[in-house]
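Here the structure comes first, spelled out in structure tokens, and everything after it is commentary.
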Amino acid sequence: MRRKKSRGKSSSPQLKNSVVMRLYIADNAPNSLLAVANLKDICQEFLKDNFSLEIIDVLVEPFRALADGIVVTPSLSILSRSPNGKIVGNLSDKSGVLRALGIRG
Amino acid sequence: MKARDPDPARLHETPDFESNILRLVKGARECRAIKLGQVDAIIDRVSGRAILLPDAQAALLERKARFRSLVELSSDGYWEQDEHYRFAMCTGAAIGSEKSGVNGIIGKMLWELPFDNHSEVDWETHRTQLEWRAIFRDLELRRIDDSGKRRIISISGEPMFDKELRFKGYHGITRDISERKQTEIGAPESDRFARATLDALATKVCVIDTAGKIITANAAWHVFADSRNGNAADCSEGDNYSARTAEVIGSESVNNIAMTAGIRQVIAGEREMFRYKCFFDTPSGLRWFIATVTRLHGVGAACAIISYEDITEITKTEQLLRLECTVARSLADSNSTSQALKAVIRAVCETQQWDCGRYFRLDPETSLLNIEESYGAQVAGVEQFVDRSRGTSIHPDAGSAGRASKSSHPIWVVNGSRGSHMSQGVPAHETGLDGAFVFPVIAEGKTLGVFAFSGRIVCEQDDRLLYAVGTIGKQVGQFLRHKQEEDALRHSEARFRRLTELSSDWYWEQDSNFRFTKIVGTGIVGAGDVLGKTLWEVPAIVLSDDEWVRHKSELAAQWSFCDLEFDVLLPDGQNRHYLISGEPVYDEIGIFSGFHGTGLDITQRKRAEIELRKSVAGLRDLM
């Protein structure tokens, strides 16, 4: 399963460049659903239209996860950062996610 | 690519599951997340498989079970077929026999199961549906169950595809509808029966609620609604009919205003029934209906029933009868040919919705059709058309008028510009007239002329009108022939009178009792009033008894008499001398109606003769 969300030009005051992310999940498993919901809230609140998100179901495409160095799901890979940032877990640690996104301290 | 479904049995039965997991995950972040219970699956780098952790596994299985349970709640069974339409799984025993259960179905195709209501043709149709990957719904299958009872199963299915869009088979649900079917069959007065009865009616029927919304409509209503796309009549279930009729504008707006008012009155309970004759413009021409709105009592939400009974055939027949009557009356009331022709043209135009009509008389010498009379509606294009065609002639080989004249048969032209039915030099399309109808006027097998009608609205050929105008053409033909004969007779009579007047002094007529009824000319001067008297009742007439006897016997025998000479004694003592001649008159059926004849005053001649005789006698005396 692959879900891709692409947004246009930035309208967020916090970020100059668009954030490109990949979220690896396992079907509708509880933590995966939670990760999607948490990320959705963060994107709406902080990134507005200034992000691009691809959701990959590892039960369907496990090799994509392996190719990206992902071992567990849910995992969020931030591709627009150099080196790529990675957050493991259901993204319930909001401040950690924001830090990884470079939005706050 | 690996299968989505994990193998929980293998995972949980492995004794050193935890150590295996830890072997797969080396990163600190990953280990921490696992310990916090925030991980659903781990990807095995060696096998390339995603392995669900027990909690996630259990959650997904529970979710799947819940879905199955919901499916089963809404149906009696769930099934899946592979790409060869073989049953791969089936829950619920609705499809197969109770004894063999699901095992009797797995691996078989639907048409291999013992259903008895499908022929090979039906299965072929079903297979075609499957080949087209179509969704099928409520396919009814009938079989006898193990207890010998008849069971009817409704099966629905849809195709499954993988992510590369490859066909993977079908899946769907089954429902045991045996009881419902039994109820339907066992209750002839049920809704199904009422529905079937309603649908069998040719009259368009719908039922509305208190808001004017259509609750249900019969098949005839739907058929008509489909043909009336864009009009109020295209309402269907769920539409507010009352509101839609109020919105309509154009030629049918009067209909709809009346209908809206009628519906509102019936819904409000102000009247029990409302009836209204209306018409609709359909692709096949105008159609007339009797609309009836009847109030309903005590039938739930239903408030009124609206029906439209098609009375087009009756209306057209009435129009034709009215046309024939009008034509017959016009011919009877007309004093002249011109008046009659105009009345006939007007009657056809008004009853058959033609804009204008013209009569072309066939000149037997030149063979040209000369326009004689015309009538048109007071519309700019029509008046222009009629004006421009005045005084024109049509060659018998030209146009539909010429063809109708030659063939002696009516002609219906849908497109005027094609048939060139109009006068030469006046094409119909210039004036907006595009339909035409021409029929000949015939008497004694000969064409006397043609009537040509034109209209802006192109109507389909009306065969009954074509048949009716055959009669009208003959009626008018007979009328024209009689008029011609009357005119000829009148001229002949006038000529005869003139000749009579030249050869006599007066003309007389007697009734069957030999009494004078008419005297034209000088009459018997000095005899007083002779009208109402017989010749022998006039005291001044002098005739010998023998001559009277002879004259009376001639009259009684109804013989013609010639030069009966008599004298009239004038008050001054002088005589006047007359000669009368007469002949008997008979009516149309041969009954004697009297005498008529002429009279001549021969007084001068007689006096001259007397004087001459006296002179001759004088000369003889001198000699």
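The chains in the structure tokens are called A, B, ... from first to last as shown; in each chain the residues are counted from 1, and the ligands are counted from 1 in the order shown.
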Tell me which protein, DNA and RNA residues are within 12 Å of Ile290 in chain B, counting only C-alpha atoms, leaving out same-chain ones fewer than 2 positions away, and put them as a PyMOL selection string. chain B and resi 203-205+255+259+274-280+287-288+292-293+306-312+314-315
Within 9 Å of chain A, which residues belong to chain B? Use only C-alpha atoms and report them as a PyMOL selection string. chain B and resi 1-6+24-25+27+29-30+32-34+36-45+48-52+55-57+59-60+63+163
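Between CA of Asp138 in chain B and CA of Ala225 in chain B there is a distance of 27.0 Å.
With only C-alpha atoms as the atoms that count, the minimum distance from Leu76 in chain A to the choices A:Tyr24, A:Lys94, A:Ser18, A:Arg99 is reached by A:Tyr24.
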